[in-house]
Each structure stands twice: as structure tokens, then as C-alpha cells.
file final.cif (mmCIF, C-alpha atoms)
data_upload
#
loop_
_atom_site.label_atom_id
_atom_site.label_comp_id
_atom_site.auth_asym_id
_atom_site.auth_seq_id
_atom_site.Cartn_x
_atom_site.Cartn_y
_atom_site.Cartn_z
CA MET A 971 24.50 27.65 2.81
CA LYS A 972 24.46 27.70 -0.98
CA LEU A 973 27.67 28.20 -2.93
CA SER A 974 28.51 28.55 -6.60
CA LEU A 975 29.91 25.53 -8.39
CA ALA A 976 33.21 27.38 -8.79
CA SER A 977 33.37 28.02 -5.04
CA LEU A 978 32.66 24.39 -4.26
CA LEU A 979 35.45 23.25 -6.52
CA THR A 980 37.83 25.92 -5.17
CA TYR A 981 37.32 24.82 -1.58
CA GLY A 982 37.36 21.12 -2.46
CA LEU A 983 33.80 20.55 -1.32
CA ALA A 984 31.88 17.58 -2.69
CA VAL A 985 29.34 18.10 -5.42
CA GLU A 986 27.14 15.05 -5.07
CA ALA A 987 23.89 14.07 -6.70
CA HIS A 988 21.97 13.32 -3.51
CA THR A 989 18.69 14.54 -2.00
CA ILE A 990 16.86 15.42 1.25
CA PHE A 991 13.11 15.40 2.01
CA GLN A 992 12.71 18.76 3.77
CA LYS A 993 9.18 20.18 3.71
CA VAL A 994 5.51 19.31 3.46
CA SER A 995 2.53 20.88 1.75
CA VAL A 996 -1.10 20.10 2.61
CA ASN A 997 -3.70 20.68 -0.11
CA GLY A 998 -1.23 22.98 -1.84
CA ARG A 999 -0.30 24.99 1.26
CA ASP A 1000 3.47 24.95 1.82
CA ASN A 1001 4.31 24.57 5.51
CA GLY A 1002 7.83 25.96 5.08
CA GLN A 1003 11.41 24.77 5.21
CA LEU A 1004 12.02 22.05 7.84
CA THR A 1005 8.74 22.88 9.62
CA GLY A 1006 7.53 19.71 11.32
CA ILE A 1007 10.43 17.74 9.83
CA ARG A 1008 13.13 15.46 11.24
CA ALA A 1009 15.86 15.59 8.60
CA PRO A 1010 19.58 14.86 8.34
CA ASN A 1011 21.94 17.84 8.14
CA ASN A 1012 23.56 16.53 4.97
CA ASN A 1013 22.44 14.71 1.84
CA ASN A 1014 24.56 11.59 2.29
CA PRO A 1015 22.61 8.35 1.74
CA VAL A 1016 22.21 5.46 4.13
CA GLN A 1017 23.56 2.27 2.53
CA ASP A 1018 23.37 -0.19 5.44
CA VAL A 1019 19.80 -1.50 5.72
CA ASN A 1020 20.53 -2.48 9.34
CA SER A 1021 21.51 1.05 10.40
CA GLN A 1022 19.36 3.03 12.84
CA ASN A 1023 19.65 5.85 10.31
CA MET A 1024 17.16 3.93 8.16
CA VAL A 1025 14.39 5.40 10.31
CA CYS A 1026 14.52 9.16 9.60
CA GLY A 1027 18.05 9.59 8.29
CA ALA A 1028 21.17 10.55 10.22
CA SER A 1029 20.67 12.69 13.31
CA GLY A 1030 20.19 16.31 12.31
CA THR A 1031 17.37 18.86 12.33
CA LYS A 1032 14.33 18.29 14.56
CA SER A 1033 11.30 20.56 14.68
CA ASN A 1034 8.93 21.26 17.58
CA THR A 1035 6.03 21.70 15.16
CA VAL A 1036 3.37 19.09 14.42
CA ILE A 1037 1.66 19.62 11.06
CA PRO A 1038 -2.16 19.35 11.07
CA VAL A 1039 -3.61 17.23 8.28
CA ALA A 1040 -6.94 15.55 7.66
CA ALA A 1041 -7.38 12.01 6.38
CA GLY A 1042 -7.82 12.28 2.61
CA ASP A 1043 -5.77 15.48 2.26
CA ARG A 1044 -3.39 15.94 -0.65
CA ILE A 1045 0.14 15.73 0.71
CA GLY A 1046 3.21 17.16 -0.98
CA ALA A 1047 6.70 16.07 0.03
CA TYR A 1048 9.50 18.32 -1.20
CA TRP A 1049 12.98 16.99 -1.96
CA GLY A 1050 16.04 19.16 -2.56
CA HIS A 1051 19.66 18.52 -3.46
CA VAL A 1052 20.64 20.21 -0.17
CA ILE A 1053 18.70 21.87 2.63
CA GLY A 1054 17.13 24.86 0.92
CA GLY A 1055 16.85 23.24 -2.51
CA ALA A 1056 19.48 23.71 -5.21
CA GLN A 1057 23.11 23.66 -4.11
CA PHE A 1058 24.08 26.46 -6.50
CA ALA A 1059 22.64 28.30 -9.50
CA ASN A 1060 21.59 26.03 -12.38
CA ASP A 1061 22.14 22.93 -10.22
CA ARG A 1062 21.36 20.07 -12.60
CA ASP A 1063 21.34 17.60 -9.70
CA HIS A 1064 18.44 19.36 -7.96
CA PRO A 1065 16.29 17.77 -6.61
CA ILE A 1066 18.39 14.67 -7.36
CA ALA A 1067 20.54 13.50 -10.25
CA ALA A 1068 18.49 12.13 -13.13
CA SER A 1069 20.72 9.04 -13.05
CA HIS A 1070 19.51 8.13 -9.54
CA LYS A 1071 16.49 6.11 -10.67
CA GLY A 1072 14.33 4.37 -8.12
CA PRO A 1073 11.10 4.37 -6.11
CA VAL A 1074 9.66 6.94 -3.72
CA ILE A 1075 7.76 5.54 -0.72
CA ALA A 1076 5.71 6.86 2.23
CA TYR A 1077 5.09 5.17 5.59
CA LEU A 1078 3.26 6.10 8.80
CA ALA A 1079 3.88 5.11 12.43
CA LYS A 1080 1.43 5.95 15.25
CA VAL A 1081 2.91 7.87 18.19
CA ASP A 1082 1.61 9.65 21.28
CA ASN A 1083 3.30 12.97 20.51
CA ALA A 1084 4.89 13.46 17.11
CA ALA A 1085 7.12 16.32 18.28
CA SER A 1086 8.74 14.35 21.11
CA ALA A 1087 8.32 10.67 20.21
CA ASN A 1088 11.36 8.42 20.06
CA GLN A 1089 11.62 7.39 16.41
CA ASN A 1090 13.28 4.07 17.23
CA GLY A 1091 11.23 0.93 17.78
CA LEU A 1092 8.12 2.19 15.99
CA LYS A 1093 5.72 0.07 13.94
CA TRP A 1094 5.39 1.31 10.39
CA PHE A 1095 2.87 0.69 7.63
CA LYS A 1096 3.11 1.78 4.01
CA ILE A 1097 0.55 4.30 2.72
CA TRP A 1098 1.87 5.11 -0.76
CA GLU A 1099 4.57 4.24 -3.27
CA GLU A 1100 5.64 4.99 -6.80
CA GLY A 1101 8.05 2.52 -8.35
CA PHE A 1102 8.56 1.74 -12.05
CA ASP A 1103 5.94 2.11 -14.77
CA THR A 1104 6.55 -0.57 -17.39
CA ASN A 1105 4.54 1.35 -20.00
CA SER A 1106 6.28 4.73 -19.74
CA ARG A 1107 9.50 3.21 -18.33
CA LYS A 1108 9.57 6.02 -15.78
CA TRP A 1109 10.53 5.76 -12.11
CA GLY A 1110 9.16 7.50 -9.03
CA VAL A 1111 12.29 9.64 -9.05
CA ASP A 1112 11.45 10.80 -12.58
CA THR A 1113 8.09 12.10 -11.36
CA MET A 1114 9.81 13.92 -8.50
CA ILE A 1115 12.21 15.61 -10.92
CA GLN A 1116 9.36 16.48 -13.30
CA ASN A 1117 7.54 18.14 -10.37
CA GLN A 1118 10.64 20.17 -9.45
CA GLY A 1119 11.23 18.25 -6.23
CA TRP A 1120 7.66 17.57 -5.17
CA THR A 1121 6.12 14.15 -4.62
CA TYR A 1122 2.33 14.14 -4.23
CA PHE A 1123 -0.10 11.59 -2.81
CA ASN A 1124 -3.36 11.49 -0.86
CA LEU A 1125 -3.26 10.55 2.80
CA PRO A 1126 -5.58 7.51 2.93
CA SER A 1127 -9.07 8.51 4.05
CA CYS A 1128 -9.28 5.66 6.55
CA ILE A 1129 -6.31 6.77 8.70
CA ALA A 1130 -7.43 7.07 12.33
CA PRO A 1131 -7.05 10.42 14.10
CA GLY A 1132 -3.92 11.05 16.13
CA HIS A 1133 -0.24 11.80 15.93
CA TYR A 1134 2.04 10.02 13.46
CA LEU A 1135 5.53 10.17 12.07
CA MET A 1136 5.38 10.12 8.28
CA ARG A 1137 8.51 8.63 6.74
CA LEU A 1138 9.37 9.57 3.16
CA GLU A 1139 12.02 7.57 1.36
CA THR A 1140 13.74 7.64 -2.00
CA ILE A 1141 15.87 4.66 -3.03
CA ALA A 1142 18.49 5.31 -5.72
CA LEU A 1143 19.35 2.15 -7.65
CA HIS A 1144 21.96 3.30 -10.16
CA SER A 1145 24.70 1.25 -8.41
CA ALA A 1146 22.47 -1.38 -6.80
CA LYS A 1147 23.84 -4.32 -8.79
CA ASN A 1148 26.41 -4.65 -5.99
CA GLN A 1149 25.21 -5.47 -2.48
CA GLY A 1150 25.31 -2.50 -0.15
CA GLN A 1151 25.33 0.05 -2.96
CA ALA A 1152 21.64 0.97 -3.10
CA GLN A 1153 21.23 4.47 -1.66
CA PHE A 1154 18.46 5.28 0.83
CA TYR A 1155 17.37 8.87 1.47
CA GLN A 1156 14.78 9.44 4.20
CA SER A 1157 13.39 12.05 6.57
CA CYS A 1158 10.27 12.06 8.74
CA ALA A 1159 7.42 14.56 9.06
CA GLN A 1160 5.51 15.05 12.31
CA ILE A 1161 1.76 15.11 11.63
CA ASN A 1162 -1.53 15.21 13.55
CA VAL A 1163 -4.31 13.54 11.59
CA SER A 1164 -7.96 14.53 12.01
CA GLY A 1165 -11.07 12.86 10.65
CA SER A 1166 -13.27 9.87 11.32
CA GLY A 1167 -11.00 7.09 10.07
CA THR A 1168 -10.69 3.89 12.07
CA PHE A 1169 -7.84 2.08 10.32
CA THR A 1170 -5.63 -0.09 12.50
CA PRO A 1171 -2.85 -1.93 10.65
CA SER A 1172 -3.03 -5.72 10.88
CA SER A 1173 0.68 -5.96 10.23
CA THR A 1174 3.58 -3.53 10.52
CA VAL A 1175 7.32 -3.40 9.89
CA SER A 1176 10.28 -1.98 11.78
CA PHE A 1177 13.19 0.18 10.66
CA PRO A 1178 15.76 -1.19 10.59
CA GLY A 1179 14.39 -4.65 9.80
CA ALA A 1180 11.89 -4.03 7.01
CA TYR A 1181 14.49 -4.52 4.27
CA LYS A 1182 17.25 -7.01 3.60
CA ALA A 1183 20.37 -6.18 1.60
CA ASN A 1184 19.52 -8.88 -0.94
CA ASP A 1185 15.83 -8.04 -1.40
CA PRO A 1186 15.03 -8.12 -5.13
CA GLY A 1187 14.19 -4.42 -5.17
CA ILE A 1188 17.47 -3.51 -3.43
CA LEU A 1189 20.07 -5.81 -4.98
CA ILE A 1190 19.29 -5.26 -8.64
CA SER A 1191 20.67 -4.06 -11.94
CA ILE A 1192 18.13 -1.67 -13.43
CA TYR A 1193 19.97 -1.46 -16.77
CA GLY A 1194 18.40 -3.24 -19.72
CA LYS A 1195 19.92 -4.71 -22.85
CA THR A 1196 20.35 -1.27 -24.41
CA GLY A 1197 22.16 0.04 -21.33
CA GLN A 1198 19.27 2.28 -20.29
CA PRO A 1199 17.97 2.35 -16.67
CA ASP A 1200 14.63 0.91 -17.77
CA ASN A 1201 14.76 -2.43 -15.94
CA ASP A 1202 14.55 -3.97 -19.41
CA GLY A 1203 10.84 -3.15 -19.31
CA LYS A 1204 10.19 -5.69 -16.54
CA PRO A 1205 8.12 -5.05 -13.40
CA TYR A 1206 10.09 -3.80 -10.40
CA THR A 1207 9.43 -5.12 -6.88
CA ILE A 1208 9.32 -2.19 -4.46
CA PRO A 1209 10.90 -3.09 -1.10
CA GLY A 1210 8.80 -3.42 2.03
CA PRO A 1211 5.19 -4.39 2.67
CA LYS A 1212 2.22 -3.73 0.43
CA VAL A 1213 0.44 -0.38 0.60
CA ILE A 1214 -2.55 -0.50 2.93
CA THR A 1215 -6.08 -0.59 1.55
CA CYS A 1216 -8.95 1.27 3.19
#

call {"tool": "encode", "arguments": {"input": "final.cif", "output": "C-alpha cells"}}
result
Amino acid sequence: MKLSLASLLTYGLAVEAHTIFQKVSVNGRDNGQLTGIRAPNNNNPVQDVNSQNMVCGASGTKSNTVIPVAAGDRIGAYWGHVIGGAQFANDRDHPIAASHKGPVIAYLAKVDNAASANQNGLKWFKIWEEGFDTNSRKWGVDTMIQNQGWTYFNLPSCIAPGHYLMRLETIALHSAKNQGQAQFYQSCAQINVSGSGTFTPSSTVSFPGAYKANDPGILISIYGKTGQPDNDGKPYTIPGPKVITC
């Protein structure tokens, strides 16, 4: 449900600058709202890196659809302030508040059936990430906002055929100078990959377990000497393993 800002304030409902990954496009074709998606019902972040909610977010919506994709396809991941997109007309915090700087990351985990697989205990590998560009001083979140909620990347061409959960994550670092204050937003898409790829990961990570609360990309002040969220122009270490290479 979308309400006006005045209605939200009247009823005492929170107006928060959070986000939810909620739909997928493949080569520009939009698969529709929550189709093939496991997403939380609200936009509250996870802040405990040891929580089971680090996998696909808090328990919420689950789809019976598995999205067909081919290795090498152009994937779009859409983020919105709430389920459905903007929370109200002229929502300046859609898809997320501009202050919530940080990386956007994508992982895969192989499963037998993406629609029914238990998301706990899976082995994940990273397929894409966008962190901080020291030249432009822009974050992955800035690109998402520029693209009106969409994050785009190519599914690696070497991915072997089969069913996977695809985990999309945004990490907001505006308060991350204090331990436990980094904000993690994640949902999972259910995909069936076709093609002739043969990639098998030599190493994987688990969620929870892939991150520690004091990792340098999680416990960090991103504010430079001028007070801007530009990491003082220094490289930023994205949490988790390295992106795979084909």
C-alpha cells in the first residue's frame, strides 16, 4: 500500500530511507513485481551479520516462479523504497536515500529446485559487485539511484546450467563508523540458467558467516576530511570474497 506523506505522518507511520530488491529483468524484459523473488515484507535492514536474515532478508514474500536466464544475459535488479517502488508521490528516498552510500553486490548459490530450496546452509559465490570509484567518488548506490532503482550486470558466461538462488545485496554505510550500524538490504531471485558453461566454484561462503562485524568494509567511516561521504578518495574494500573469473 502506498500512502501520501501527509497520511503517513497523520497515522504515525515511519518514513524511512530504506530499500527492497523486488524484481528482475532479463535482457531488458521486466519479469514483474515479486515474480521469482524471495523478499522481506518490509524495508527494515539487517544489522546483525550473524542473523539468518542475512541470507534473503527477513521472512516475507516467496514466489513459485523460477526465472529463465541464459549465461551471459544482461540482468537487471530493481530496488524500491517499499514493495511497489516509491512510498508516496515525489518520494525523494526512492529507491533509497541518497545519504545511504555503499556497495551493491550479487551472489549465486546452486540448488536443486530454486522455487522450493531451503535458503539456509547454501554455498555462495560472488558474481558481481559495484563499490566505490575513486575517480568519480561515486558508490554503487549512486548508480542505482541514477538508474531509477535498477542495478545492471551480466550473468557470467561460464555459469553452469541449473537452478540457482541469486542474492542481491545493498550495504548502506552512512552510520557504519559504529559496530553493528552498517545496514544490509537483501532479497533473493530464483533463476534457472541455461547455456554451456561449466564453472564450478573452487571456494564458497555461507550466510551468515561470510562477513564479520569488524570487516574493514563494514566497520568504517566513509566521511572524508571535508565531511563528504567520499571515503576521502581512498579505495574501499567490498565485503566478502572476490568476484569469480571465467

call {"tool": "resolve_selection", "arguments": {"input": "final.cif", "expression": "the PyMOL selection byres ((chain A and resi 1090) around 10)", "output": "number ranges by chain"}}
result
A: 1022-1026, 1087-1089, 1091-1093, 1176-1178

call {"tool": "resolve_selection", "arguments": {"input": "final.cif", "expression": "the PyMOL selection byres ((chain A and resi 999) around 12)", "output": "number ranges by chain"}}
result
A: 993-998, 1000-1002, 1037-1039, 1043-1047

call {"tool": "write_last_selection", "arguments": {"input": "final.cif", "atoms": "C-alpha atoms", "output": "compact mmCIF listing (two decimals), keeping the file's coordinate frame"}}
result
# COMPACT_ATOMS: atom_id res chain seq x y z
CA LYS A 993 9.18 20.18 3.71
CA VAL A 994 5.51 19.31 3.46
CA SER A 995 2.53 20.88 1.75
CA VAL A 996 -1.10 20.10 2.61
CA ASN A 997 -3.70 20.68 -0.11
CA GLY A 998 -1.23 22.98 -1.84
CA ASP A 1000 3.47 24.95 1.82
CA ASN A 1001 4.31 24.57 5.51
CA GLY A 1002 7.83 25.96 5.08
CA ILE A 1037 1.66 19.62 11.06
CA PRO A 1038 -2.16 19.35 11.07
CA VAL A 1039 -3.61 17.23 8.28
CA ASP A 1043 -5.77 15.48 2.26
CA ARG A 1044 -3.39 15.94 -0.65
CA ILE A 1045 0.14 15.73 0.71
CA GLY A 1046 3.21 17.16 -0.98
CA ALA A 1047 6.70 16.07 0.03

call {"tool": "closest_residue", "arguments": {"input": "final.cif", "among": "A:Ile990, A:Val1081, A:Ala1009, A:Ile1075", "to": "A:Cys1158", "atoms": "all atoms listed in the file"}}
result
A:Ala1009

call {"tool": "closest_residue", "arguments": {"input": "final.cif", "among": "A:Leu1135, A:Cys1128, A:Ala1028, A:Ile1066", "to": "A:Ile1115", "atoms": "only C-alpha atoms"}}
result
A:Ile1066

call {"tool": "atom_distance", "arguments": {"input": "final.cif", "atom1": "atom CA of A:Gln1153", "atom2": "atom CA of A:Phe1058"}}
result
22.7 Å
